[in-house]
Amino acid sequence: MAAVFRRSLGAVVKDLYSLQWQQLASRPLSLSANVCGPEAAPARADATFKVTMVPGDGVGPELMTAVKEVFKAGDVPVEFEEFHLSEVQNMATEEKLDEVLNSMKTNRVAMKGKIHTPMEFKGELASFEMRLRRKLDLFANVVHVNSLPGYSTRHNNLDLVIIREQTEGEYSSLEHESVTGVIECLKIITRVKSRRIAKFAFDYATKKGRNKVTAVHKANIMKLGDGLFLQSCAEIAQLYPKIKYETIIIDNCCMQLVQNPYQFDVLVMPNLYGNIIDNLAAGLVGGAGVVPGESYSAEYAVFETGARHPFAQAVGRNIANPTAMLLSAANMLRHLSLEYHSQMVSDAVKRVIKQGKVRTRDLGGYSTTGDFVRAVVENLRHRSVY
Amino acid sequence: MAGKAWRSAIQNLLRQWGFSFNDMEKTKAQELSQVVGVMMRESPQPRTFIRGMQTVTLIPGDGIGPEISSSVMKIFEASKAPIQWEERNVTAIQGPGGKWMIPPDAKESMDRNKIGLKGPLKTPIAAGHPSMNLLLRKTFDLYANVRPCVSIEGYKTPYTDVDLVTIRENTEGEYSGIEHVIVDGVVQSIKLITEQASQRIADYAFEYARNNQRASVTAVHKANIMRMSDGLFLRKCREAAEKHKDVKFTEMYLDTVCLNMVQDPTQFDVLVMPNLYGDILSDLCAGLIGGLGVTPSGNIGANGVAIFESVHGTAPDIAGKDMANPTALLLSAVMMLRHMGLHGHAKKIETACFDTIRDKKVLTKDLGGNSKCSEFTNAICQRVQDME
């Protein structure tokens with residue numbers, strides 16, 4: 001019996017030392033690595049995600065510090081690559097912009113503060129923020145307007161999503177002075193981009209289980225421009241029979257938002273109206289400090305606050321509300337499929353707000369940004385055990 | 001003495017002394033009346049003899065227009081306001097050369113009286129002519145739309161203590177109507193901002209603030225994005241601010257205004273802005289106080305023309321059923337009285353209206369009650385008569 005085994009073992013060992021193996025063993029390691037097979041991505045359990053971070057101006061740096069502190073305390077496997085791009089502080093050059101773009105293209109996910117646009121323009125009509133958006137083709141801006149549990153405003157239990165086309169429309173920066181004293185500003189609407197944002201809106205509504213998409217326009221006045229936008233939305237709406245499609249004129253929409261905002265679900269609109277409605281809806285739930293937002297392109301995602309203001313009056317005073325940025329960071333973690341950490345961060349923030357003991361000035365309290373961040377970090381440790 | 005009397009007296013005096021201005025008379029007259037207006041702060045825009053009857057062109061409009069116009073006339077009669085009404089119809093007719101225009105008798109009446117009150121007009125969809133509102137705007141060069149938004153005590157909204165005025169440039173901006181299809185699938189709309197129009201509206205805003213004892217004027221713009229066009233508008237506002245140093249001037253981005261407006265509307269006073277932002281913000285402010293059914297509005301034009309109107313629709317479904325709410329037209333008429341300098345009557349009618357709404361006994365359906373329009377009107381008439 002043993003002899004049989006010995007003979008088969010011998011056969012196996014001989015096989016092991018067959019030609020192929022000898023070839024492999026004799027060559028240098030790098031070549032044999034090629035021969036072994038296609039290279040698999042290193043699936044390490046401790047992989048950290050690299051995310052580009054552009055703090056921006058105003059309270060941006062303070063808010064980003066808050067995010068970093070919370071991430072450190074929660075052991076979130078995200079590494080930030082920081083770039084300081086700022087037009088007002090004269091730190092913006094073409095090379096810097098290219099650096100930021102390259103980093104974003106590699107990492108594909110970014111967190112951004114607001115890059116403020118100075119009022120006087122020196123030659124270029126498009127600001128840095130607009131150029132960044134155009135170069136990365138971040139065409140869709142999504143703002144989640146959710147009432148915070150524990151903080152009541154004039155309208156409670158709101159749950160809206162505002163989707164705004166971000167690359168064309170009134171923000172085309174095409175202006176010229178045709179005659180002295182007469183300035184023309186062009187607003188461009190294209191069918192391709194309108195269709196794209198409409199499709200994005202309906203896809204988003206389907207994915208998140210929403211029932212209704214409302215297109216906001218001013219086609220009674222701008223018949224061709226907004227008429228084209230409406231037409232594109234209507235065409236795309238036919239592809240999604242399960243989702244209800246409605247239209248509303250912008251001024252009526254504003255009026256309805258302050259009288260009865262519960263009639264809206266998902267809103268989709270061109271650029272300028274998006275700016276107005278973003279800020280209006282943010283004001284309805286508590287201001288610019290509590291609403292997160294993100295910008296998507298086909299390949300990249302940028303996470304930021306919903307209502308974009310540099311809030312320069314609060315710089316250095318430690319009074320900014322980091323809620324919006326923290327909730328946006330939680331959304332980013334969900335985008336990276338770090339579901340556990342995302343839930344942890346957003347739960348902690350919501351718990352702090354619900355308890356109501358630590359509130360920044362815009363929500364009616366007296367705490368500083370630091371206090372709020374410390375409270376969130378405290379709540380991170382008290383995770384619910386399943 | 002009223003303004004016109006002052007002005008003609010001074011003119012006669014100067015003419016006596018040998019200063020005769022032939023073609024310069026018009027500009028000089030305007031300057032004189034401005035000086036007189038400054039001297040007599042109590043009656044800010046003196047345009048009428050306070051003693052005599054003033055004729056006002058009344059355009060009832062369509063749908064519920066005739067009902068609410070007759071309500072307003074009844075209330076004015078009860079309050080013994082010195083107003084004589086001249087009713088006119090402004091359905092567009094095609095003049096010589098195929099150009100659409102308003103009927104010549106309406107135009108002539110308006111030019112003569114200078115003050116008008118308009119009900120809601122129906123915009124026909126396939127009639128081939130532009131909307132009547134647009135026609136009126138072009139005919140009389142109505143460059144400023146003024147909408148004061150004041151919270152009504154009896155009509156509860158989540159926003160209390162709103163007291164602001166939106167002044168909107170009404171002729172150009174995004175509503176110039178110039179659009180082209182460049183290639184199939186690409187459309188370009190042109191937003192026009194001119195120096196002249198911006199200056200006119202900025203000057204008017206400060207004049208209004210001064211005449212109505214308003215503390216500050218805020219210019220609303222988006223000059224960080226539309227740097228040249230809104231930049232020009234902002235420059236003109238700043239220049240006007242230099243000329244009127246007694247009124248405080250601030251500038252704010254449109255998105256910041258929207259954000260703050262829904263959180264705390266008490267921080268705003270007079271807002272001045274180009275056409276599109278004005279349209280949106282004025283409707284937003286109307287929503288804050290309860291909707292278009294209770295919001296007055298006035299359009300100021302060149303050559304002293306002023307048309308006051310109610311901005312709601314014609315409501316064809318309740319037309320003729322005595323269910324309409326005349327509050328918007330009534331408050332616009334009160335605004336008109338103030339514009340004419342008849343503050344006493346204005347205050348009387350306004351107080352009567354607000355008291356009736358606060359009482360909540362006779363309210364029309366849109367305000368939450370179930371009375372008829374005529375009952376509401378009679379209640380206000382009764383109050384006005386009781387106040388005598």
# chains A, B, ... in the order shown; residues from 1 in each chain; ligands from 1

$ residues_around --residues "Asp264 (chain B)" --least-positions-apart "2" --cutoff "10 Å" --atoms "only C-alpha atoms" --output "PDB file with all heavy atoms, in the first residue's frame"
ATOM      1  N   GLY A 283     -33.418  77.496   2.436  1.00  0.00           N
ATOM      2  CA  GLY A 283     -33.953  78.380   3.464  1.00  0.00           C
ATOM      3  C   GLY A 283     -35.162  77.789   4.154  1.00  0.00           C
ATOM      4  O   GLY A 283     -35.376  78.001   5.339  1.00  0.00           O
TER       5      GLY A 283
ATOM      6  N   TYR B 159     -45.622  83.225   7.561  1.00  0.00           N
ATOM      7  CA  TYR B 159     -44.715  84.370   7.648  1.00  0.00           C
ATOM      8  C   TYR B 159     -45.483  85.572   8.155  1.00  0.00           C
ATOM      9  O   TYR B 159     -46.433  86.023   7.537  1.00  0.00           O
ATOM     10  CB  TYR B 159     -44.144  84.687   6.264  1.00  0.00           C
ATOM     11  CG  TYR B 159     -43.365  83.531   5.695  1.00  0.00           C
ATOM     12  CD1 TYR B 159     -43.995  82.587   4.915  1.00  0.00           C
ATOM     13  CD2 TYR B 159     -42.016  83.385   5.973  1.00  0.00           C
ATOM     14  CE1 TYR B 159     -43.287  81.519   4.418  1.00  0.00           C
ATOM     15  CE2 TYR B 159     -41.306  82.319   5.462  1.00  0.00           C
ATOM     16  CZ  TYR B 159     -41.954  81.385   4.691  1.00  0.00           C
ATOM     17  OH  TYR B 159     -41.254  80.326   4.199  1.00  0.00           O
ATOM     18  N   THR B 160     -45.070  86.106   9.281  1.00  0.00           N
ATOM     19  CA  THR B 160     -45.731  87.300   9.819  1.00  0.00           C
ATOM     20  C   THR B 160     -44.780  88.474   9.705  1.00  0.00           C
ATOM     21  O   THR B 160     -43.589  88.300   9.506  1.00  0.00           O
ATOM     22  CB  THR B 160     -46.080  87.094  11.289  1.00  0.00           C
ATOM     23  OG1 THR B 160     -44.894  86.674  11.963  1.00  0.00           O
ATOM     24  CG2 THR B 160     -47.147  86.039  11.455  1.00  0.00           C
ATOM     25  N   ASP B 161     -45.322  89.650   9.818  1.00  0.00           N
ATOM     26  CA  ASP B 161     -44.510  90.870   9.818  1.00  0.00           C
ATOM     27  C   ASP B 161     -43.738  91.078   8.528  1.00  0.00           C
ATOM     28  O   ASP B 161     -42.620  91.573   8.542  1.00  0.00           O
ATOM     29  CB  ASP B 161     -43.473  90.867  10.952  1.00  0.00           C
ATOM     30  CG  ASP B 161     -44.159  90.846  12.289  1.00  0.00           C
ATOM     31  OD1 ASP B 161     -45.308  91.322  12.357  1.00  0.00           O
ATOM     32  OD2 ASP B 161     -43.565  90.348  13.243  1.00  0.00           O
ATOM     33  N   VAL B 162     -44.306  90.695   7.403  1.00  0.00           N
ATOM     34  CA  VAL B 162     -43.644  91.002   6.142  1.00  0.00           C
ATOM     35  C   VAL B 162     -44.017  92.423   5.769  1.00  0.00           C
ATOM     36  O   VAL B 162     -45.177  92.799   5.819  1.00  0.00           O
ATOM     37  CB  VAL B 162     -44.115  90.038   5.029  1.00  0.00           C
ATOM     38  CG1 VAL B 162     -43.438  90.366   3.730  1.00  0.00           C
ATOM     39  CG2 VAL B 162     -43.838  88.609   5.427  1.00  0.00           C
ATOM     40  N   LEU B 259     -32.468  82.866  -0.047  1.00  0.00           N
ATOM     41  CA  LEU B 259     -32.181  82.100   1.151  1.00  0.00           C
ATOM     42  C   LEU B 259     -32.679  82.835   2.384  1.00  0.00           C
ATOM     43  O   LEU B 259     -33.350  82.268   3.253  1.00  0.00           O
ATOM     44  CB  LEU B 259     -30.662  81.908   1.234  1.00  0.00           C
ATOM     45  CG  LEU B 259     -30.103  80.978   2.282  1.00  0.00           C
ATOM     46  CD1 LEU B 259     -30.537  79.584   2.028  1.00  0.00           C
ATOM     47  CD2 LEU B 259     -28.589  81.066   2.253  1.00  0.00           C
ATOM     48  N   ASN B 260     -32.376  84.140   2.473  1.00  0.00           N
ATOM     49  CA  ASN B 260     -32.760  84.892   3.660  1.00  0.00           C
ATOM     50  C   ASN B 260     -34.233  85.245   3.680  1.00  0.00           C
ATOM     51  O   ASN B 260     -34.820  85.394   4.740  1.00  0.00           O
ATOM     52  CB  ASN B 260     -31.912  86.165   3.758  1.00  0.00           C
ATOM     53  CG  ASN B 260     -30.464  85.833   4.007  1.00  0.00           C
ATOM     54  OD1 ASN B 260     -30.143  84.762   4.460  1.00  0.00           O
ATOM     55  ND2 ASN B 260     -29.590  86.776   3.692  1.00  0.00           N
ATOM     56  N   MET B 261     -34.822  85.380   2.498  1.00  0.00           N
ATOM     57  CA  MET B 261     -36.224  85.795   2.438  1.00  0.00           C
ATOM     58  C   MET B 261     -37.142  84.772   3.078  1.00  0.00           C
ATOM     59  O   MET B 261     -38.097  85.117   3.764  1.00  0.00           O
ATOM     60  CB  MET B 261     -36.619  85.979   0.962  1.00  0.00           C
ATOM     61  CG  MET B 261     -38.019  86.441   0.755  1.00  0.00           C
ATOM     62  SD  MET B 261     -38.216  88.151   1.146  1.00  0.00           S
ATOM     63  CE  MET B 261     -37.543  88.870  -0.339  1.00  0.00           C
ATOM     64  N   VAL B 262     -36.847  83.480   2.856  1.00  0.00           N
ATOM     65  CA  VAL B 262     -37.740  82.486   3.430  1.00  0.00           C
ATOM     66  C   VAL B 262     -37.425  82.203   4.889  1.00  0.00           C
ATOM     67  O   VAL B 262     -38.205  81.554   5.573  1.00  0.00           O
ATOM     68  CB  VAL B 262     -37.717  81.156   2.652  1.00  0.00           C
ATOM     69  CG1 VAL B 262     -38.384  81.336   1.328  1.00  0.00           C
ATOM     70  CG2 VAL B 262     -36.328  80.648   2.469  1.00  0.00           C
ATOM     71  N   THR B 266     -38.220  89.923   7.438  1.00  0.00           N
ATOM     72  CA  THR B 266     -38.288  91.273   8.001  1.00  0.00           C
ATOM     73  C   THR B 266     -37.034  92.080   7.739  1.00  0.00           C
ATOM     74  O   THR B 266     -37.005  93.281   7.945  1.00  0.00           O
ATOM     75  CB  THR B 266     -38.498  91.209   9.528  1.00  0.00           C
ATOM     76  OG1 THR B 266     -37.434  90.422  10.087  1.00  0.00           O
ATOM     77  CG2 THR B 266     -39.806  90.545   9.866  1.00  0.00           C
ATOM     78  N   GLN B 267     -35.965  91.438   7.273  1.00  0.00           N
ATOM     79  CA  GLN B 267     -34.732  92.202   7.090  1.00  0.00           C
ATOM     80  C   GLN B 267     -34.719  92.987   5.781  1.00  0.00           C
ATOM     81  O   GLN B 267     -33.777  93.703   5.512  1.00  0.00           O
ATOM     82  CB  GLN B 267     -33.533  91.257   7.121  1.00  0.00           C
ATOM     83  CG  GLN B 267     -33.634  90.148   6.112  1.00  0.00           C
ATOM     84  CD  GLN B 267     -32.523  89.141   6.248  1.00  0.00           C
ATOM     85  OE1 GLN B 267     -31.403  89.428   5.882  1.00  0.00           O
ATOM     86  NE2 GLN B 267     -32.815  87.966   6.748  1.00  0.00           N
ATOM     87  N   PHE B 268     -35.743  92.834   4.950  1.00  0.00           N
ATOM     88  CA  PHE B 268     -35.733  93.519   3.665  1.00  0.00           C
ATOM     89  C   PHE B 268     -36.698  94.688   3.651  1.00  0.00           C
ATOM     90  O   PHE B 268     -37.734  94.662   4.306  1.00  0.00           O
ATOM     91  CB  PHE B 268     -36.113  92.553   2.540  1.00  0.00           C
ATOM     92  CG  PHE B 268     -35.127  91.451   2.363  1.00  0.00           C
ATOM     93  CD1 PHE B 268     -35.425  90.182   2.782  1.00  0.00           C
ATOM     94  CD2 PHE B 268     -33.882  91.707   1.809  1.00  0.00           C
ATOM     95  CE1 PHE B 268     -34.511  89.164   2.637  1.00  0.00           C
ATOM     96  CE2 PHE B 268     -32.972  90.703   1.661  1.00  0.00           C
ATOM     97  CZ  PHE B 268     -33.273  89.419   2.077  1.00  0.00           C
TER      98      PHE B 268
END

$ closest_atom_pairs --of "chain A" --to "chain B" --cutoff "8 Å" --atoms "only C-alpha atoms" --output "Markdown table"
| residue | atom | partner | partner_atom | distance |
| --- | --- | --- | --- | --- |
| A:Thr117 | CA | B:Asn224 | CA | 6.0 |
| A:Pro118 | CA | B:Asn224 | CA | 6.8 |
| A:Met119 | CA | B:Asn224 | CA | 5.5 |
| A:Glu120 | CA | B:Arg227 | CA | 7.7 |
| A:Phe121 | CA | B:Arg227 | CA | 7.3 |
| A:Leu125 | CA | B:Arg227 | CA | 6.9 |
| A:Ala126 | CA | B:Ile225 | CA | 7.6 |
| A:Ser127 | CA | B:Ile225 | CA | 7.7 |
| A:Arg154 | CA | B:Pro158 | CA | 6.1 |
| A:Tyr171 | CA | B:Ile225 | CA | 6.4 |
| A:Ser173 | CA | B:Met226 | CA | 6.5 |
| A:Glu175 | CA | B:Met228 | CA | 6.6 |
| A:His176 | CA | B:Met228 | CA | 7.6 |
| A:Gly181 | CA | B:Glu195 | CA | 4.8 |
| A:Val182 | CA | B:Thr194 | CA | 4.3 |
| A:Ile183 | CA | B:Ile193 | CA | 5.2 |
| A:Glu184 | CA | B:Leu192 | CA | 4.7 |
| A:Cys185 | CA | B:Lys191 | CA | 5.0 |
| A:Leu186 | CA | B:Ile190 | CA | 4.8 |
| A:Lys187 | CA | B:Ser189 | CA | 5.0 |
| A:Ile188 | CA | B:Gln188 | CA | 4.6 |
| A:Ile189 | CA | B:Val187 | CA | 5.2 |
| A:Thr190 | CA | B:Val186 | CA | 4.2 |
| A:Arg191 | CA | B:Gly185 | CA | 4.7 |
| A:Val192 | CA | B:Gly185 | CA | 7.2 |
| A:Ile221 | CA | B:Tyr175 | CA | 6.5 |
| A:Met222 | CA | B:Gly177 | CA | 6.6 |
| A:Leu224 | CA | B:Glu179 | CA | 6.6 |
| A:Gly225 | CA | B:Val187 | CA | 5.5 |
| A:Leu228 | CA | B:Val187 | CA | 7.7 |
| A:Ile250 | CA | B:Ile280 | CA | 6.9 |
| A:Asp251 | CA | B:Ile280 | CA | 4.6 |
| A:Asn252 | CA | B:Asp283 | CA | 7.0 |
| A:Cys254 | CA | B:Leu284 | CA | 5.3 |
| A:Met255 | CA | B:Gly287 | CA | 4.5 |
| A:Gln256 | CA | B:Gly287 | CA | 7.0 |
| A:Val258 | CA | B:Gly287 | CA | 6.1 |
| A:Gln259 | CA | B:Gly287 | CA | 6.2 |
| A:Asn275 | CA | B:Asp255 | CA | 6.5 |
| A:Ile276 | CA | B:Asp255 | CA | 5.4 |
| A:Asn279 | CA | B:Leu259 | CA | 4.9 |
| A:Leu280 | CA | B:Leu259 | CA | 5.1 |
| A:Ala281 | CA | B:Leu259 | CA | 7.8 |
| A:Ala282 | CA | B:Leu259 | CA | 6.7 |
| A:Gly283 | CA | B:Leu259 | CA | 4.7 |
| A:Leu284 | CA | B:Val262 | CA | 6.1 |
| A:Gly286 | CA | B:Gln263 | CA | 7.4 |
| A:Gly287 | CA | B:Leu259 | CA | 6.7 |
| A:Ala288 | CA | B:Leu259 | CA | 7.6 |

$ residues_around --residues "Glu129 (chain A)" --least-positions-apart "2" --cutoff "12 Å" --atoms "only C-alpha atoms" --output "ChimeraX atom specification"
/A:54,56-57,85-88,92,97,100-101,112-118,125-127,131-138,166-167,171,308 /B:224-225

$ select_by_dssp --residues "region 181-337 of chain A" --states "strand (DSSP E or B)" --output "PyMOL selection string"
chain A and resi 182-190+212-217+244-249+266-269+292-296+301-305

$ residues_around --residues "Asp371 (chain A)" --least-positions-apart "3" --cutoff "10 Å" --atoms "only C-alpha atoms" --output "PDB file with N, CA and C atoms, in the first residue's frame"
ATOM      1  N   ASN A 318     -15.420  80.769  13.971  1.00  0.00           N
ATOM      2  CA  ASN A 318     -15.771  79.448  14.480  1.00  0.00           C
ATOM      3  C   ASN A 318     -17.268  79.293  14.694  1.00  0.00           C
ATOM      4  N   ILE A 319     -18.079  79.914  13.842  1.00  0.00           N
ATOM      5  CA  ILE A 319     -19.527  79.800  14.017  1.00  0.00           C
ATOM      6  C   ILE A 319     -20.213  79.071  12.874  1.00  0.00           C
ATOM      7  N   VAL A 358     -26.363  70.892  21.499  1.00  0.00           N
ATOM      8  CA  VAL A 358     -25.253  71.598  20.862  1.00  0.00           C
ATOM      9  C   VAL A 358     -25.754  72.077  19.514  1.00  0.00           C
ATOM     10  N   ARG A 359     -25.968  73.389  19.390  1.00  0.00           N
ATOM     11  CA  ARG A 359     -26.448  73.925  18.112  1.00  0.00           C
ATOM     12  C   ARG A 359     -25.664  75.163  17.754  1.00  0.00           C
ATOM     13  N   THR A 360     -25.299  75.277  16.478  1.00  0.00           N
ATOM     14  CA  THR A 360     -24.571  76.469  16.036  1.00  0.00           C
ATOM     15  C   THR A 360     -25.545  77.631  15.887  1.00  0.00           C
ATOM     16  N   TYR A 366     -25.804  78.487  20.600  1.00  0.00           N
ATOM     17  CA  TYR A 366     -24.640  79.314  20.895  1.00  0.00           C
ATOM     18  C   TYR A 366     -23.339  78.571  20.731  1.00  0.00           C
ATOM     19  N   SER A 367     -23.376  77.350  20.259  1.00  0.00           N
ATOM     20  CA  SER A 367     -22.135  76.570  20.206  1.00  0.00           C
ATOM     21  C   SER A 367     -21.274  76.988  19.045  1.00  0.00           C
ATOM     22  N   THR A 368     -19.991  76.630  19.176  1.00  0.00           N
ATOM     23  CA  THR A 368     -19.079  76.906  18.073  1.00  0.00           C
ATOM     24  C   THR A 368     -18.996  75.686  17.180  1.00  0.00           C
ATOM     25  N   ARG A 374     -17.066  68.151  18.123  1.00  0.00           N
ATOM     26  CA  ARG A 374     -16.766  67.290  19.268  1.00  0.00           C
ATOM     27  C   ARG A 374     -17.986  66.457  19.636  1.00  0.00           C
ATOM     28  N   ALA A 375     -19.156  67.100  19.583  1.00  0.00           N
ATOM     29  CA  ALA A 375     -20.389  66.367  19.908  1.00  0.00           C
ATOM     30  C   ALA A 375     -20.614  65.241  18.906  1.00  0.00           C
ATOM     31  N   VAL A 376     -20.352  65.511  17.632  1.00  0.00           N
ATOM     32  CA  VAL A 376     -20.539  64.473  16.619  1.00  0.00           C
ATOM     33  C   VAL A 376     -19.573  63.320  16.866  1.00  0.00           C
ATOM     34  N   VAL A 377     -18.315  63.662  17.199  1.00  0.00           N
ATOM     35  CA  VAL A 377     -17.314  62.623  17.455  1.00  0.00           C
ATOM     36  C   VAL A 377     -17.737  61.771  18.645  1.00  0.00           C
TER      37      VAL A 377
END

$ select_by_dssp --residues "region 47-251 of chain B" --states "alpha helix (DSSP H)" --output "NGL selection string"
:B and (65-78 or 104-113 or 132-140 or 195-211 or 229-243)

$ residues_around --residues "region 74-81 of chain B" --least-positions-apart "3" --cutoff "6 Å" --atoms "only C-alpha atoms" --output "ChimeraX atom specification"
/B:71,381,384

$ closest_residue --among "A:His217, A:Arg361, A:Lys50, A:Arg210" --to "Ala314 (chain A)" --atoms "only C-alpha atoms"
A:Arg361

$ decode --residues "region 138-153 of chain B" --atoms "N, CA, C and O atoms" --output "compact mmCIF listing (two decimals), in the first residue's frame"
# COMPACT_ATOMS: atom_id res chain seq x y z
N LYS B 138 -45.96 98.36 -23.64
CA LYS B 138 -45.21 99.02 -24.71
C LYS B 138 -45.83 100.37 -25.04
O LYS B 138 -45.11 101.32 -25.32
N THR B 139 -47.16 100.44 -25.00
CA THR B 139 -47.81 101.69 -25.40
C THR B 139 -47.48 102.83 -24.45
O THR B 139 -47.23 103.95 -24.87
N PHE B 140 -47.52 102.53 -23.16
CA PHE B 140 -47.30 103.61 -22.20
C PHE B 140 -45.92 103.60 -21.60
O PHE B 140 -45.65 104.37 -20.67
N ASP B 141 -45.02 102.75 -22.09
CA ASP B 141 -43.66 102.68 -21.58
C ASP B 141 -43.65 102.52 -20.07
O ASP B 141 -43.04 103.29 -19.34
N LEU B 142 -44.35 101.47 -19.60
CA LEU B 142 -44.42 101.25 -18.16
C LEU B 142 -43.13 100.58 -17.73
O LEU B 142 -42.96 99.38 -17.92
N TYR B 143 -42.23 101.35 -17.18
CA TYR B 143 -40.91 100.80 -16.94
C TYR B 143 -40.72 100.22 -15.55
O TYR B 143 -39.80 99.47 -15.33
N ALA B 144 -41.57 100.58 -14.58
CA ALA B 144 -41.36 100.08 -13.23
C ALA B 144 -42.60 99.36 -12.74
O ALA B 144 -43.71 99.88 -12.85
N ASN B 145 -42.42 98.18 -12.17
CA ASN B 145 -43.53 97.46 -11.56
C ASN B 145 -43.27 97.46 -10.05
O ASN B 145 -42.24 96.96 -9.60
N VAL B 146 -44.20 98.03 -9.32
CA VAL B 146 -44.02 98.16 -7.87
C VAL B 146 -45.00 97.25 -7.17
O VAL B 146 -46.19 97.31 -7.43
N ARG B 147 -44.50 96.41 -6.29
CA ARG B 147 -45.41 95.53 -5.57
C ARG B 147 -45.10 95.60 -4.09
O ARG B 147 -44.12 95.01 -3.63
N PRO B 148 -45.92 96.30 -3.31
CA PRO B 148 -45.69 96.29 -1.87
C PRO B 148 -46.30 95.04 -1.25
O PRO B 148 -47.44 94.69 -1.57
N CYS B 149 -45.55 94.35 -0.44
CA CYS B 149 -46.05 93.12 0.18
C CYS B 149 -46.12 93.33 1.68
O CYS B 149 -45.08 93.42 2.34
N VAL B 150 -47.32 93.43 2.21
CA VAL B 150 -47.49 93.64 3.64
C VAL B 150 -48.36 92.52 4.18
O VAL B 150 -49.39 92.21 3.58
N SER B 151 -47.95 91.93 5.27
CA SER B 151 -48.73 90.83 5.86
C SER B 151 -50.11 91.32 6.26
O SER B 151 -50.25 92.36 6.88
N ILE B 152 -51.12 90.53 5.92
CA ILE B 152 -52.49 90.91 6.27
C ILE B 152 -52.83 90.22 7.58
O ILE B 152 -52.70 88.99 7.70
N GLU B 153 -53.28 91.02 8.55
CA GLU B 153 -53.47 90.47 9.89
C GLU B 153 -54.48 89.35 9.96
O GLU B 153 -54.34 88.43 10.73
